[in-house]
Amino acid sequence: MASDNTADGVYDEVEIEDMEYVEEEGKYYYPCPCGDRFEISKELLEEGETIANCPSCSLRLRVVYDPDDFAPDDDEEAIQLTTTITVV
């Protein structure tokens with residue numbers, strides 16, 4: 001899905017579905033023309049970031065995704081405290 005994003009310094013746009021997700025690393029990857037891969041962490045996507053960088057060159061990729069898909073669940077935000085009382 002090529003587009004003309006050179007004005008804002010972005011090489012191209014890609015849908016999140018077209019990226020590879022590596023769960024152990026918590027990152028999404030997409031091939032870069034330089035031979036390396038663009039990368040963006042799930043954490044950055046949750047914060048609303050849309051730009052994936054290539055660690056080997058200066059190219060940047062805009063990631064197209066629905067931010068609601070990365071919004072934390074209410075369960076993830078809730079802090080649960082457990083208290084144990086021992087009666088002697």
# chains A, B, ... in the order shown; residues from 1 in each chain; ligands from 1

$ residues_around --residues "stretch 8-19 of chain A" --least-positions-apart "4" --cutoff "6 Å" --atoms "only C-alpha atoms" --output "VMD selection string"
chain A and resid 2 to 3 28 to 30 59 to 65

$ residues_around --residues "A:Glu47" --least-positions-apart "3" --cutoff "12 Å" --atoms "only C-alpha atoms" --output "PyMOL selection string"
chain A and resi 40-44+50-51+67-72

$ write_last_selection --atoms "N, CA, C and O atoms" --output "short mmCIF file (atom, residue, chain, number, x, y, z; two decimals), in the first residue's frame"
data_model
loop_
_atom_site.label_atom_id
_atom_site.label_comp_id
_atom_site.auth_asym_id
_atom_site.auth_seq_id
_atom_site.Cartn_x
_atom_site.Cartn_y
_atom_site.Cartn_z
N ILE A 40 8.12 -1.74 15.97
CA ILE A 40 7.38 -0.90 16.91
C ILE A 40 6.84 -1.82 18.00
O ILE A 40 6.37 -2.93 17.71
N SER A 41 6.95 -1.38 19.23
CA SER A 41 6.51 -2.22 20.34
C SER A 41 5.01 -2.08 20.57
O SER A 41 4.41 -1.05 20.26
N LYS A 42 4.44 -3.12 21.13
CA LYS A 42 3.03 -3.09 21.49
C LYS A 42 2.78 -1.97 22.50
O LYS A 42 1.75 -1.29 22.43
N GLU A 43 3.73 -1.75 23.38
CA GLU A 43 3.61 -0.68 24.38
C GLU A 43 3.47 0.69 23.71
O GLU A 43 2.64 1.50 24.11
N LEU A 44 4.28 0.94 22.68
CA LEU A 44 4.18 2.22 21.97
C LEU A 44 2.84 2.36 21.25
O LEU A 44 2.25 3.44 21.23
N THR A 50 2.36 5.86 16.08
CA THR A 50 2.04 5.31 14.76
C THR A 50 3.26 5.11 13.87
O THR A 50 3.13 4.63 12.76
N ILE A 51 4.45 5.47 14.36
CA ILE A 51 5.64 5.40 13.53
C ILE A 51 6.55 4.25 13.98
O ILE A 51 6.95 4.17 15.15
N PRO A 67 -6.63 2.33 17.26
CA PRO A 67 -6.11 2.49 18.63
C PRO A 67 -6.96 1.78 19.68
O PRO A 67 -6.44 1.36 20.71
N ASP A 68 -8.25 1.61 19.42
CA ASP A 68 -9.10 0.89 20.37
C ASP A 68 -8.68 -0.56 20.54
O ASP A 68 -8.92 -1.17 21.58
N ASP A 69 -8.04 -1.12 19.51
CA ASP A 69 -7.57 -2.50 19.60
C ASP A 69 -6.41 -2.64 20.59
O ASP A 69 -6.10 -3.74 21.02
N PHE A 70 -5.77 -1.52 20.93
CA PHE A 70 -4.62 -1.55 21.83
C PHE A 70 -4.89 -0.84 23.15
O PHE A 70 -3.98 -0.65 23.95
N ALA A 71 -6.14 -0.44 23.37
CA ALA A 71 -6.48 0.20 24.64
C ALA A 71 -6.50 -0.86 25.73
O ALA A 71 -6.99 -1.97 25.53
N PRO A 72 -5.91 -0.55 26.89
CA PRO A 72 -5.91 -1.54 27.97
C PRO A 72 -7.33 -1.84 28.44
O PRO A 72 -8.18 -0.95 28.47
#

$ atom_distance --atom1 "atom CA of A:Phe38" --atom2 "atom CA of A:Ala52"
5.7 Å

$ select_by_dssp --residues "stretch 24-72 of chain A" --states "strand (DSSP E)" --output "list in words"
Lys27, Tyr28, Tyr29, Tyr30, Pro31, Arg37, Phe38, Glu39, Ile40, Ser41, Ile51, Ala52, Asn53, Arg60, Leu61, Arg62, Val63 and Val64 of chain A

$ write_last_selection --atoms "N, CA and C atoms" --output "PDB file, in the first residue's frame"
ATOM      1  N   LYS A  27       6.808  -6.994  20.083  1.00  0.00           N
ATOM      2  CA  LYS A  27       7.058  -6.047  18.996  1.00  0.00           C
ATOM      3  C   LYS A  27       6.451  -6.535  17.691  1.00  0.00           C
ATOM      4  N   TYR A  28       6.100  -5.553  16.855  1.00  0.00           N
ATOM      5  CA  TYR A  28       5.646  -5.804  15.490  1.00  0.00           C
ATOM      6  C   TYR A  28       6.788  -5.459  14.547  1.00  0.00           C
ATOM      7  N   TYR A  29       6.948  -6.263  13.480  1.00  0.00           N
ATOM      8  CA  TYR A  29       8.026  -6.073  12.514  1.00  0.00           C
ATOM      9  C   TYR A  29       7.475  -6.057  11.092  1.00  0.00           C
ATOM     10  N   TYR A  30       8.202  -5.335  10.226  1.00  0.00           N
ATOM     11  CA  TYR A  30       7.873  -5.285   8.803  1.00  0.00           C
ATOM     12  C   TYR A  30       9.185  -5.108   8.042  1.00  0.00           C
ATOM     13  N   PRO A  31       9.376  -5.838   6.918  1.00  0.00           N
ATOM     14  CA  PRO A  31      10.642  -5.744   6.181  1.00  0.00           C
ATOM     15  C   PRO A  31      10.948  -4.329   5.690  1.00  0.00           C
ATOM     16  N   ARG A  37      14.534  -4.713   9.483  1.00  0.00           N
ATOM     17  CA  ARG A  37      13.085  -4.655   9.653  1.00  0.00           C
ATOM     18  C   ARG A  37      12.680  -3.408  10.442  1.00  0.00           C
ATOM     19  N   PHE A  38      11.558  -2.802  10.033  1.00  0.00           N
ATOM     20  CA  PHE A  38      10.947  -1.763  10.846  1.00  0.00           C
ATOM     21  C   PHE A  38      10.430  -2.450  12.097  1.00  0.00           C
ATOM     22  N   GLU A  39      10.407  -1.723  13.222  1.00  0.00           N
ATOM     23  CA  GLU A  39       9.875  -2.310  14.441  1.00  0.00           C
ATOM     24  C   GLU A  39       9.147  -1.266  15.274  1.00  0.00           C
ATOM     25  N   ILE A  40       8.117  -1.741  15.966  1.00  0.00           N
ATOM     26  CA  ILE A  40       7.382  -0.904  16.907  1.00  0.00           C
ATOM     27  C   ILE A  40       6.843  -1.823  17.995  1.00  0.00           C
ATOM     28  N   SER A  41       6.952  -1.382  19.227  1.00  0.00           N
ATOM     29  CA  SER A  41       6.511  -2.219  20.340  1.00  0.00           C
ATOM     30  C   SER A  41       5.012  -2.079  20.566  1.00  0.00           C
ATOM     31  N   ILE A  51       4.447   5.471  14.361  1.00  0.00           N
ATOM     32  CA  ILE A  51       5.644   5.399  13.533  1.00  0.00           C
ATOM     33  C   ILE A  51       6.553   4.253  13.983  1.00  0.00           C
ATOM     34  N   ALA A  52       6.872   3.374  13.032  1.00  0.00           N
ATOM     35  CA  ALA A  52       7.833   2.293  13.263  1.00  0.00           C
ATOM     36  C   ALA A  52       9.154   2.721  12.629  1.00  0.00           C
ATOM     37  N   ASN A  53      10.244   2.475  13.322  1.00  0.00           N
ATOM     38  CA  ASN A  53      11.573   2.850  12.830  1.00  0.00           C
ATOM     39  C   ASN A  53      12.370   1.620  12.434  1.00  0.00           C
ATOM     40  N   ARG A  60      11.351   5.450   8.031  1.00  0.00           N
ATOM     41  CA  ARG A  60      10.287   5.348   9.030  1.00  0.00           C
ATOM     42  C   ARG A  60       9.020   4.880   8.321  1.00  0.00           C
ATOM     43  N   LEU A  61       8.195   4.150   9.043  1.00  0.00           N
ATOM     44  CA  LEU A  61       6.995   3.554   8.480  1.00  0.00           C
ATOM     45  C   LEU A  61       5.799   3.967   9.326  1.00  0.00           C
ATOM     46  N   ARG A  62       4.720   4.409   8.684  1.00  0.00           N
ATOM     47  CA  ARG A  62       3.500   4.720   9.435  1.00  0.00           C
ATOM     48  C   ARG A  62       2.673   3.439   9.547  1.00  0.00           C
ATOM     49  N   VAL A  63       2.296   3.096  10.766  1.00  0.00           N
ATOM     50  CA  VAL A  63       1.495   1.906  11.039  1.00  0.00           C
ATOM     51  C   VAL A  63       0.032   2.347  11.139  1.00  0.00           C
ATOM     52  N   VAL A  64      -0.803   1.728  10.324  1.00  0.00           N
ATOM     53  CA  VAL A  64      -2.225   2.042  10.323  1.00  0.00           C
ATOM     54  C   VAL A  64      -2.932   0.977  11.158  1.00  0.00           C
TER      55      VAL A  64
END

$ residues_around --residues "A:Asp36" --least-positions-apart "4" --cutoff "8 Å" --atoms "only C-alpha atoms" --output "list of chain:residue names"
A:Pro31, A:Cys32, A:Cys54, A:Pro55, A:Ser56

$ write_last_selection --atoms "N, CA, C and O atoms" --output "PDB file, in the first residue's frame"
ATOM      1  N   PRO A  31       9.376  -5.838   6.918  1.00  0.00           N
ATOM      2  CA  PRO A  31      10.642  -5.744   6.181  1.00  0.00           C
ATOM      3  C   PRO A  31      10.948  -4.329   5.690  1.00  0.00           C
ATOM      4  O   PRO A  31      10.076  -3.630   5.189  1.00  0.00           O
ATOM      5  N   CYS A  32      12.199  -3.931   5.829  1.00  0.00           N
ATOM      6  CA  CYS A  32      12.683  -2.642   5.341  1.00  0.00           C
ATOM      7  C   CYS A  32      13.494  -2.880   4.063  1.00  0.00           C
ATOM      8  O   CYS A  32      14.173  -3.905   3.951  1.00  0.00           O
ATOM      9  N   CYS A  54      13.287   1.818  11.512  1.00  0.00           N
ATOM     10  CA  CYS A  54      14.255   0.784  11.172  1.00  0.00           C
ATOM     11  C   CYS A  54      15.520   1.078  11.961  1.00  0.00           C
ATOM     12  O   CYS A  54      16.035   2.198  11.898  1.00  0.00           O
ATOM     13  N   PRO A  55      16.042   0.094  12.698  1.00  0.00           N
ATOM     14  CA  PRO A  55      17.243   0.336  13.491  1.00  0.00           C
ATOM     15  C   PRO A  55      18.523   0.468  12.664  1.00  0.00           C
ATOM     16  O   PRO A  55      19.540   0.925  13.173  1.00  0.00           O
ATOM     17  N   SER A  56      18.467   0.103  11.363  1.00  0.00           N
ATOM     18  CA  SER A  56      19.674   0.124  10.543  1.00  0.00           C
ATOM     19  C   SER A  56      19.765   1.286   9.562  1.00  0.00           C
ATOM     20  O   SER A  56      20.821   1.526   8.991  1.00  0.00           O
TER      21      SER A  56
END
